[in-house]
$ cat run.txt   # compact mmCIF, C-alpha atoms
# COMPACT_ATOMS: atom_id res chain seq x y z
CA MET A 1 76.81 4.42 -15.17
CA ILE A 2 73.84 3.27 -13.13
CA GLU A 3 70.52 1.58 -13.81
CA ARG A 4 67.40 3.26 -12.48
CA VAL A 5 64.01 1.51 -12.34
CA ILE A 6 60.85 3.62 -12.51
CA ILE A 7 57.39 2.20 -11.77
CA ILE A 8 54.37 3.91 -13.35
CA ASP A 9 51.57 2.28 -11.41
CA THR A 10 48.91 5.03 -11.29
CA VAL A 11 48.14 5.04 -15.03
CA ASP A 12 47.35 2.60 -17.80
CA PRO A 13 50.69 1.96 -19.61
CA VAL A 14 48.83 1.77 -22.92
CA VAL A 15 47.70 5.39 -22.47
CA PHE A 16 51.07 6.54 -21.13
CA TYR A 17 53.13 4.91 -23.91
CA GLY A 18 50.77 6.12 -26.63
CA VAL A 19 49.60 4.55 -29.89
CA ASN A 20 52.33 2.23 -31.20
CA ASN A 21 54.51 3.43 -28.29
CA CYS A 22 54.80 6.87 -29.89
CA ASN A 23 55.12 8.65 -26.53
CA ILE A 24 57.87 6.40 -25.24
CA HIS A 25 59.77 6.76 -28.53
CA LEU A 26 59.58 10.56 -28.19
CA ILE A 27 60.81 10.44 -24.58
CA ARG A 28 63.70 8.19 -25.64
CA ASN A 29 64.69 10.62 -28.41
CA LEU A 30 64.65 13.54 -25.97
CA PHE A 31 67.22 11.74 -23.76
CA PRO A 32 69.75 10.53 -26.37
CA LYS A 33 72.50 9.85 -23.78
CA LEU A 34 70.41 7.29 -21.94
CA ARG A 35 69.57 3.69 -22.75
CA MET A 36 65.96 2.93 -21.97
CA ALA A 37 63.62 -0.07 -21.97
CA ALA A 38 59.91 0.01 -21.11
CA ARG A 39 57.73 -3.01 -20.39
CA GLY A 40 54.37 -2.98 -18.65
CA THR A 41 54.54 -0.62 -15.70
CA VAL A 42 58.36 -0.74 -15.49
CA ILE A 43 60.75 1.66 -17.23
CA LYS A 44 64.48 0.91 -16.90
CA VAL A 45 67.05 3.53 -17.81
CA ILE A 46 70.87 3.33 -17.84
CA GLY A 47 73.23 6.32 -17.84
CA GLU A 48 74.93 8.92 -15.71
CA GLU A 49 73.35 9.24 -12.26
CA SER A 50 72.47 12.92 -12.61
CA GLU A 51 70.78 12.44 -15.98
CA THR A 52 68.84 9.34 -14.90
CA LEU A 53 67.59 11.30 -11.87
CA VAL A 54 66.33 14.11 -14.15
CA PHE A 55 64.72 11.47 -16.37
CA GLU A 56 62.88 9.94 -13.41
CA GLN A 57 61.61 13.34 -12.25
CA LYS A 58 60.28 14.16 -15.72
CA VAL A 59 58.61 10.76 -16.13
CA LYS A 60 56.90 11.09 -12.74
CA LYS A 61 55.60 14.53 -13.71
CA LEU A 62 54.22 13.09 -16.95
CA GLU A 63 52.65 10.24 -14.95
CA GLU A 64 50.88 12.75 -12.66
CA TYR A 65 49.49 14.58 -15.69
CA CYS A 66 48.36 11.34 -17.35
CA ALA A 67 46.71 10.08 -14.13
CA LYS A 68 44.70 13.29 -13.83
CA TYR A 69 43.66 13.80 -17.44
CA ASN A 70 43.68 10.22 -18.80
CA GLN A 71 45.74 11.30 -21.79
CA LEU A 72 49.31 12.24 -22.72
CA THR A 73 50.12 14.22 -25.85
CA GLU A 74 53.33 15.06 -27.68
CA GLU A 75 52.92 18.72 -26.74
CA VAL A 76 52.72 17.90 -23.03
CA ILE A 77 55.79 15.63 -23.21
CA MET A 78 57.83 18.32 -24.97
CA GLU A 79 56.75 20.98 -22.48
CA VAL A 80 57.57 18.90 -19.39
CA ILE A 81 60.93 17.62 -20.58
CA LYS A 82 62.01 21.11 -21.63
CA GLY A 83 61.40 22.24 -18.05
CA GLY A 84 58.04 23.92 -18.39
CA SER A 85 54.63 23.12 -16.96
CA PRO A 86 51.93 21.76 -19.25
CA LYS A 87 48.93 23.98 -19.78
CA ALA A 88 46.16 23.10 -17.33
CA GLN A 89 43.17 21.43 -18.94
CA ASP A 90 40.89 22.18 -15.98
CA ALA A 91 37.28 22.70 -16.98
CA ASP A 92 34.94 24.54 -14.66
CA GLU A 93 33.41 22.14 -12.11
CA ALA A 94 35.06 19.05 -13.63
CA ILE A 95 34.83 16.12 -11.20
CA ILE A 96 37.33 13.94 -13.05
CA TYR A 97 38.62 13.45 -16.59
CA GLY A 98 37.40 10.35 -18.37
CA ILE A 99 38.74 8.42 -21.32
CA ASN A 100 40.71 10.58 -23.78
CA GLY A 101 40.67 13.48 -21.33
CA LYS A 102 36.92 14.10 -21.54
CA PRO A 103 35.86 16.23 -18.53
CA ILE A 104 33.05 14.72 -16.48
CA MET A 105 31.14 17.49 -14.74
CA PRO A 106 27.66 18.34 -13.47
CA ARG A 107 25.30 19.08 -16.36
CA ASN A 108 22.35 20.45 -14.41
CA PRO A 109 21.76 22.16 -11.03
CA ASN A 110 20.69 18.97 -9.27
CA GLN A 111 23.86 17.16 -10.34
CA SER A 112 25.80 20.07 -8.80
CA ARG A 113 23.72 19.67 -5.61
CA LEU A 114 24.62 15.97 -5.57
CA VAL A 115 28.33 16.86 -5.71
CA LYS A 116 27.87 19.34 -2.84
CA SER A 117 25.84 16.88 -0.77
CA PHE A 118 28.51 14.18 -1.23
CA HIS A 119 31.13 16.46 0.31
CA GLU A 120 28.87 17.62 3.15
CA ASN A 121 27.17 14.33 4.14
CA ASP A 122 28.21 10.74 4.73
CA LEU A 123 24.93 9.47 3.24
CA THR A 124 23.09 10.97 0.28
CA PHE A 125 19.90 9.87 -1.45
CA ALA A 126 19.74 10.77 -5.17
CA LEU A 127 16.20 10.26 -6.45
CA GLY A 128 14.56 10.80 -9.81
CA PRO A 129 13.71 9.48 -13.26
CA ALA A 130 15.98 7.56 -15.60
CA GLY A 131 18.48 9.59 -17.58
CA THR A 132 19.17 12.33 -15.01
CA GLY A 133 22.77 11.19 -14.50
CA LYS A 134 22.46 10.50 -10.78
CA THR A 135 24.31 7.17 -10.90
CA TYR A 136 26.92 8.44 -13.36
CA ILE A 137 27.81 11.44 -11.19
CA ALA A 138 27.84 9.25 -8.08
CA ILE A 139 30.37 6.90 -9.70
CA ALA A 140 32.49 9.85 -10.90
CA LEU A 141 32.63 11.15 -7.31
CA ALA A 142 33.69 7.70 -6.12
CA VAL A 143 36.43 7.41 -8.75
CA LYS A 144 37.76 10.85 -7.83
CA ALA A 145 37.88 9.95 -4.13
CA LEU A 146 39.75 6.73 -4.97
CA LYS A 147 42.23 8.50 -7.25
CA ASN A 148 42.89 11.14 -4.59
CA ARG A 149 43.45 8.36 -2.03
CA GLU A 150 40.62 9.70 0.14
CA VAL A 151 39.29 6.12 0.28
CA ARG A 152 40.81 2.69 -0.31
CA ARG A 153 38.04 1.21 -2.42
CA ILE A 154 34.73 1.66 -4.23
CA ILE A 155 31.80 -0.68 -3.59
CA LEU A 156 29.04 -0.67 -6.21
CA SER A 157 25.87 -2.69 -5.71
CA ARG A 158 22.44 -3.30 -7.20
CA PRO A 159 19.54 -5.53 -6.21
CA ALA A 160 19.20 -8.44 -8.65
CA VAL A 161 15.57 -7.85 -9.65
CA GLU A 162 14.33 -8.53 -13.19
CA ALA A 163 12.46 -5.74 -14.96
CA GLY A 164 9.73 -7.95 -16.39
CA GLU A 165 12.07 -10.73 -17.54
CA LYS A 166 13.23 -13.99 -16.01
CA LEU A 167 16.99 -14.42 -16.30
CA GLY A 168 17.49 -17.43 -14.01
CA PHE A 169 17.90 -19.87 -16.89
CA LEU A 170 20.66 -17.92 -18.63
CA PRO A 171 23.71 -20.12 -19.25
CA GLY A 172 26.91 -19.77 -17.24
CA ASP A 173 28.06 -19.63 -13.64
CA MET A 174 26.89 -17.24 -10.91
CA LYS A 175 28.95 -14.33 -12.27
CA ASP A 176 27.54 -14.83 -15.78
CA LYS A 177 23.99 -14.72 -14.42
CA ILE A 178 24.58 -11.66 -12.21
CA ASP A 179 26.60 -9.50 -14.62
CA PRO A 180 23.57 -8.43 -16.73
CA TYR A 181 22.12 -6.70 -13.65
CA LEU A 182 25.40 -4.88 -13.01
CA GLN A 183 26.33 -3.92 -16.59
CA PRO A 184 25.25 -0.24 -16.25
CA LEU A 185 27.83 0.14 -13.47
CA TYR A 186 30.56 -1.37 -15.67
CA ASP A 187 29.54 0.99 -18.50
CA ALA A 188 30.00 4.08 -16.32
CA LEU A 189 33.39 2.91 -15.01
CA GLU A 190 34.64 2.19 -18.53
CA ASP A 191 33.90 5.83 -19.42
CA MET A 192 36.18 7.00 -16.61
CA ILE A 193 39.00 4.47 -16.28
CA PRO A 194 41.02 2.84 -19.11
CA VAL A 195 40.02 -0.80 -19.52
CA ALA A 196 43.39 -2.32 -18.53
CA LYS A 197 43.62 -0.16 -15.41
CA LEU A 198 40.00 -0.90 -14.50
CA LYS A 199 40.65 -4.65 -14.79
CA GLU A 200 43.70 -4.30 -12.53
CA MET A 201 41.74 -2.31 -9.94
CA MET A 202 38.91 -4.85 -9.93
CA GLU A 203 41.30 -7.79 -9.61
CA GLY A 204 42.94 -6.00 -6.67
CA ASN A 205 39.51 -5.31 -5.09
CA ALA A 206 40.03 -1.54 -5.19
CA ILE A 207 36.75 -1.53 -7.14
CA GLN A 208 34.15 -4.13 -6.20
CA ILE A 209 30.83 -4.67 -7.99
CA ALA A 210 28.44 -7.05 -6.32
CA PRO A 211 24.71 -7.76 -6.01
CA LEU A 212 23.03 -6.52 -2.85
CA ALA A 213 22.67 -10.01 -1.38
CA PHE A 214 26.46 -10.27 -1.09
CA MET A 215 26.66 -7.25 1.26
CA ARG A 216 25.29 -9.00 4.36
CA GLY A 217 27.77 -9.31 7.23
CA ARG A 218 30.28 -6.79 5.83
CA THR A 219 31.52 -3.58 7.46
CA LEU A 220 32.76 -1.24 4.77
CA ASN A 221 35.47 1.12 6.02
CA ASP A 222 37.38 3.76 3.98
CA ALA A 223 35.14 3.32 0.96
CA VAL A 224 32.64 5.05 -1.27
CA ILE A 225 29.60 2.76 -1.35
CA ILE A 226 26.91 3.18 -4.00
CA LEU A 227 23.58 1.36 -4.10
CA ASP A 228 21.90 1.79 -7.48
CA GLU A 229 18.24 1.04 -8.33
CA ALA A 230 17.43 1.13 -4.62
CA GLN A 231 13.68 1.29 -5.31
CA ASN A 232 13.91 -2.47 -5.91
CA THR A 233 15.19 -3.28 -2.43
CA THR A 234 12.94 -4.72 0.26
CA THR A 235 12.68 -3.01 3.66
CA HIS A 236 15.04 -5.59 5.21
CA GLN A 237 17.58 -5.31 2.38
CA ILE A 238 17.97 -1.54 2.50
CA LYS A 239 18.25 -1.53 6.30
CA MET A 240 20.96 -4.18 6.01
CA PHE A 241 22.78 -2.14 3.35
CA LEU A 242 22.59 1.18 5.22
CA THR A 243 24.09 -0.39 8.32
CA ARG A 244 27.18 -1.54 6.34
CA LEU A 245 28.52 2.06 6.51
CA GLY A 246 31.90 1.98 8.24
CA MET A 247 34.48 4.51 9.44
CA GLY A 248 35.87 6.88 6.82
CA SER A 249 33.20 5.89 4.30
CA LYS A 250 30.54 7.68 2.30
CA MET A 251 27.37 6.20 0.82
CA ILE A 252 25.16 7.25 -2.09
CA ILE A 253 21.75 5.62 -2.64
CA THR A 254 20.14 6.17 -6.05
CA GLY A 255 16.67 5.19 -7.20
CA ASP A 256 13.45 6.07 -9.00
CA VAL A 257 10.30 5.36 -6.97
CA THR A 258 8.20 5.44 -10.16
CA GLN A 259 9.97 2.35 -11.55
CA ILE A 260 9.56 -0.28 -8.84
CA ASP A 261 9.91 -3.84 -10.20
CA LEU A 262 9.09 -5.64 -6.95
CA PRO A 263 5.92 -7.75 -6.63
CA ARG A 264 2.89 -5.61 -5.79
CA THR A 265 2.65 -7.14 -2.32
CA VAL A 266 6.25 -6.16 -1.40
CA GLN A 267 6.95 -2.66 -0.08
CA SER A 268 9.93 -0.79 -1.55
CA GLY A 269 12.70 -0.39 1.00
CA LEU A 270 13.67 2.94 -0.54
CA VAL A 271 10.20 4.39 -0.01
CA GLN A 272 10.24 3.30 3.62
CA ALA A 273 13.82 4.50 4.24
CA LEU A 274 13.01 7.98 2.94
CA ARG A 275 10.12 8.20 5.38
CA VAL A 276 11.99 6.74 8.38
CA LEU A 277 15.20 8.76 7.87
CA ASN A 278 13.52 12.02 6.89
CA ASN A 279 14.85 14.08 9.81
CA VAL A 280 18.12 12.27 10.55
CA LYS A 281 21.12 14.64 10.69
CA GLY A 282 23.97 13.97 8.25
CA ILE A 283 21.80 12.63 5.44
CA GLY A 284 21.36 14.56 2.20
CA LYS A 285 18.55 14.14 -0.33
CA ILE A 286 18.59 15.35 -3.93
CA GLU A 287 15.40 15.03 -5.98
CA PHE A 288 15.93 15.03 -9.74
CA GLU A 289 13.12 15.98 -12.10
CA LYS A 290 12.18 15.38 -15.76
CA GLY A 291 13.94 18.62 -16.71
CA ASP A 292 17.23 17.16 -15.43
CA ILE A 293 17.29 14.35 -18.01
CA VAL A 294 20.61 14.50 -19.88
CA ARG A 295 20.13 11.62 -22.30
CA HIS A 296 18.63 11.95 -25.77
CA ASN A 297 15.91 14.65 -25.87
CA LEU A 298 13.38 11.96 -26.74
CA VAL A 299 13.90 10.31 -23.32
CA GLN A 300 12.37 13.30 -21.55
CA ARG A 301 9.35 13.25 -23.87
CA ILE A 302 8.93 9.49 -23.30
CA VAL A 303 8.95 9.97 -19.50
CA GLU A 304 6.37 12.76 -19.78
CA ALA A 305 4.14 10.68 -22.08
CA TYR A 306 4.11 7.76 -19.61
CA GLU A 307 3.32 10.11 -16.74
CA ARG A 308 0.33 11.52 -18.67
CA HIS A 309 -0.82 7.99 -19.46
CA ASP A 310 -0.57 6.92 -15.79
CA GLU A 311 -2.52 10.00 -14.69
CA GLU A 312 -5.25 9.31 -17.26
CA MET A 313 -5.52 5.69 -16.06
CA LYS A 314 -5.84 6.84 -12.44
CA GLN A 315 -8.57 9.32 -13.32
CA ALA A 316 -10.46 6.69 -15.31
CA LYS A 317 -10.22 4.27 -12.38
CA TYR A 318 -11.50 6.85 -9.89
CA ALA A 319 -14.33 7.82 -12.24
CA SER A 320 -15.48 4.20 -12.54
CA GLN A 321 -15.41 3.79 -8.74
CA GLU A 322 -17.49 6.93 -8.19
CA GLU A 323 -20.10 6.04 -10.83
CA PRO A 324 -23.58 5.56 -9.18
CA GLU A 325 -24.55 1.89 -8.91
CA GLU A 326 -27.89 2.41 -10.74
CA ASP A 327 -26.00 3.83 -13.76
CA ARG A 328 -23.81 0.74 -14.13

$ encode --input "run.txt" --output "structure tokens"
Amino acid sequence: MIERVIIIDTVDPVVFYGVNNCNIHLIRNLFPKLRMAARGTVIKVIGEESETLVFEQKVKKLEEYCAKYNQLTEEVIMEVIKGGSPKAQDADEAIIYGINGKPIMPRNPNQSRLVKSFHENDLTFALGPAGTGKTYIAIALAVKALKNREVRRIILSRPAVEAGEKLGFLPGDMKDKIDPYLQPLYDALEDMIPVAKLKEMMEGNAIQIAPLAFMRGRTLNDAVIILDEAQNTTTHQIKMFLTRLGMGSKMIITGDVTQIDLPRTVQSGLVQALRVLNNVKGIGKIEFEKGDIVRHNLVQRIVEAYERHDEEMKQAKYASQEEPEEDR
């Protein structure tokens, strides 16, 4: 009799063990000759050496499936332990599988172009209106690269610029004040990684979320680096951020030049960067349009209505400027 210790460190134990530990109870019942105890990421099993070895091999195969699909069902457990291979869940063009096995994949041609550009370029600009999924797909690509061990970490950043509100007097410490700016990034990650596993990855710095100001002085190697809402960077900030790109890293810059929240006298760094880097080799640029919006159908109509309003205001302004002085 020997004791074998198995570590399941690539998945969230809550997902692996199942609701009320139903998965672990099923696995225990399928190996009646073994004594087993599971706690956290550690599974201990006692029995004959040959049978504990088979047990470890089966558990590792189940862990691989759970890490890929973010779920583990009774049918999969039965299939694997009986010696078969679980039916592939692969959806066409799926980037990764989110919570409960939901496939996350491109939902319009420009999202597919973003995926292609990520693989072909070390720096990609993803531009367009709100709701086109540019940040969401960028984060999915980063999570996939991290899961596949293509990089060691993900760096997510945003400039801390208020959209018409002053948040400086919110209660709490620095993190409490900054988190509201970064919440959309947390929301996307929580769609893709179980909460307990996400917390562990953030505590271990495999995933880092920080405001743009905290990027100065860093060299970011072996990472996927995403700058969101880049239209709200200054020219100095975006130059600083772009030059953080280190060896073995990829960078995605997302933004919407129609929603700049900077003071009128401050030029958007994103607008300048697009002009300066226009012909630089190794940089991709994807321009999303209103038709790419994948949120509620009403969002697209809202964007179009505001564009019509802005155009009408411009025309009215030009008309007033061209009006003969004697007619005023």

$ closest_residue --input "run.txt" --among "A:Ser320, A:Arg153, A:Asn232, A:Glu93" --to "A:Gln267" --atoms "all atoms listed in the file"
A:Asn232

$ closest_residue --input "run.txt" --among "A:Glu64, A:Lys116, A:Val19, A:Leu34" --to "A:Asn148" --atoms "all atoms listed in the file"
A:Glu64

$ closest_residue --input "run.txt" --among "A:Pro106, A:Pro159, A:Pro13, A:Gly98" --to "A:Ala138" --atoms "all atoms listed in the file"
A:Pro106

$ atom_distance --input "run.txt" --atom1 "atom CA of A:Gln71" --atom2 "atom CA of A:Tyr17"
10.0 Å

$ closest_residue --input "run.txt" --among "A:Gln183, A:Asn23, A:Thr52, A:Thr10" --to "A:Ala67" --atoms "all atoms listed in the file"
A:Thr10

$ atom_distance --input "run.txt" --atom1 "atom CA of A:Arg216" --atom2 "atom CA of A:Thr124"
20.5 Å

$ closest_residue --input "run.txt" --among "A:Asn297, A:Thr234, A:Ser85, A:Asn70" --to "A:Gly101" --atoms "only C-alpha atoms"
A:Asn70

$ atom_distance --input "run.txt" --atom1 "atom CA of A:Ser117" --atom2 "atom CA of A:Glu287"
11.8 Å

$ closest_residue --input "run.txt" --among "A:Ile99, A:Leu277, A:Ile137, A:Leu123" --to "A:Ser249" --atoms "all atoms listed in the file"
A:Leu123

$ residues_near_point --input "run.txt" --point "(70.8, 6.2, -14.6)" --cutoff "8 Å" --atoms "only C-alpha atoms" --output "PDB file with C-alpha atoms, keeping the file's coordinate frame"
ATOM      1  CA  MET A   1      76.810   4.420 -15.170  1.00  0.00           C
ATOM      2  CA  ILE A   2      73.840   3.270 -13.130  1.00  0.00           C
ATOM      3  CA  GLU A   3      70.520   1.580 -13.810  1.00  0.00           C
ATOM      4  CA  ARG A   4      67.400   3.260 -12.480  1.00  0.00           C
ATOM      5  CA  LEU A  34      70.410   7.290 -21.940  1.00  0.00           C
ATOM      6  CA  VAL A  45      67.050   3.530 -17.810  1.00  0.00           C
ATOM      7  CA  ILE A  46      70.870   3.330 -17.840  1.00  0.00           C
ATOM      8  CA  GLY A  47      73.230   6.320 -17.840  1.00  0.00           C
ATOM      9  CA  GLU A  48      74.930   8.920 -15.710  1.00  0.00           C
ATOM     10  CA  GLU A  49      73.350   9.240 -12.260  1.00  0.00           C
ATOM     11  CA  SER A  50      72.470  12.920 -12.610  1.00  0.00           C
ATOM     12  CA  GLU A  51      70.780  12.440 -15.980  1.00  0.00           C
ATOM     13  CA  THR A  52      68.840   9.340 -14.900  1.00  0.00           C
ATOM     14  CA  LEU A  53      67.590  11.300 -11.870  1.00  0.00           C
TER      15      LEU A  53
END
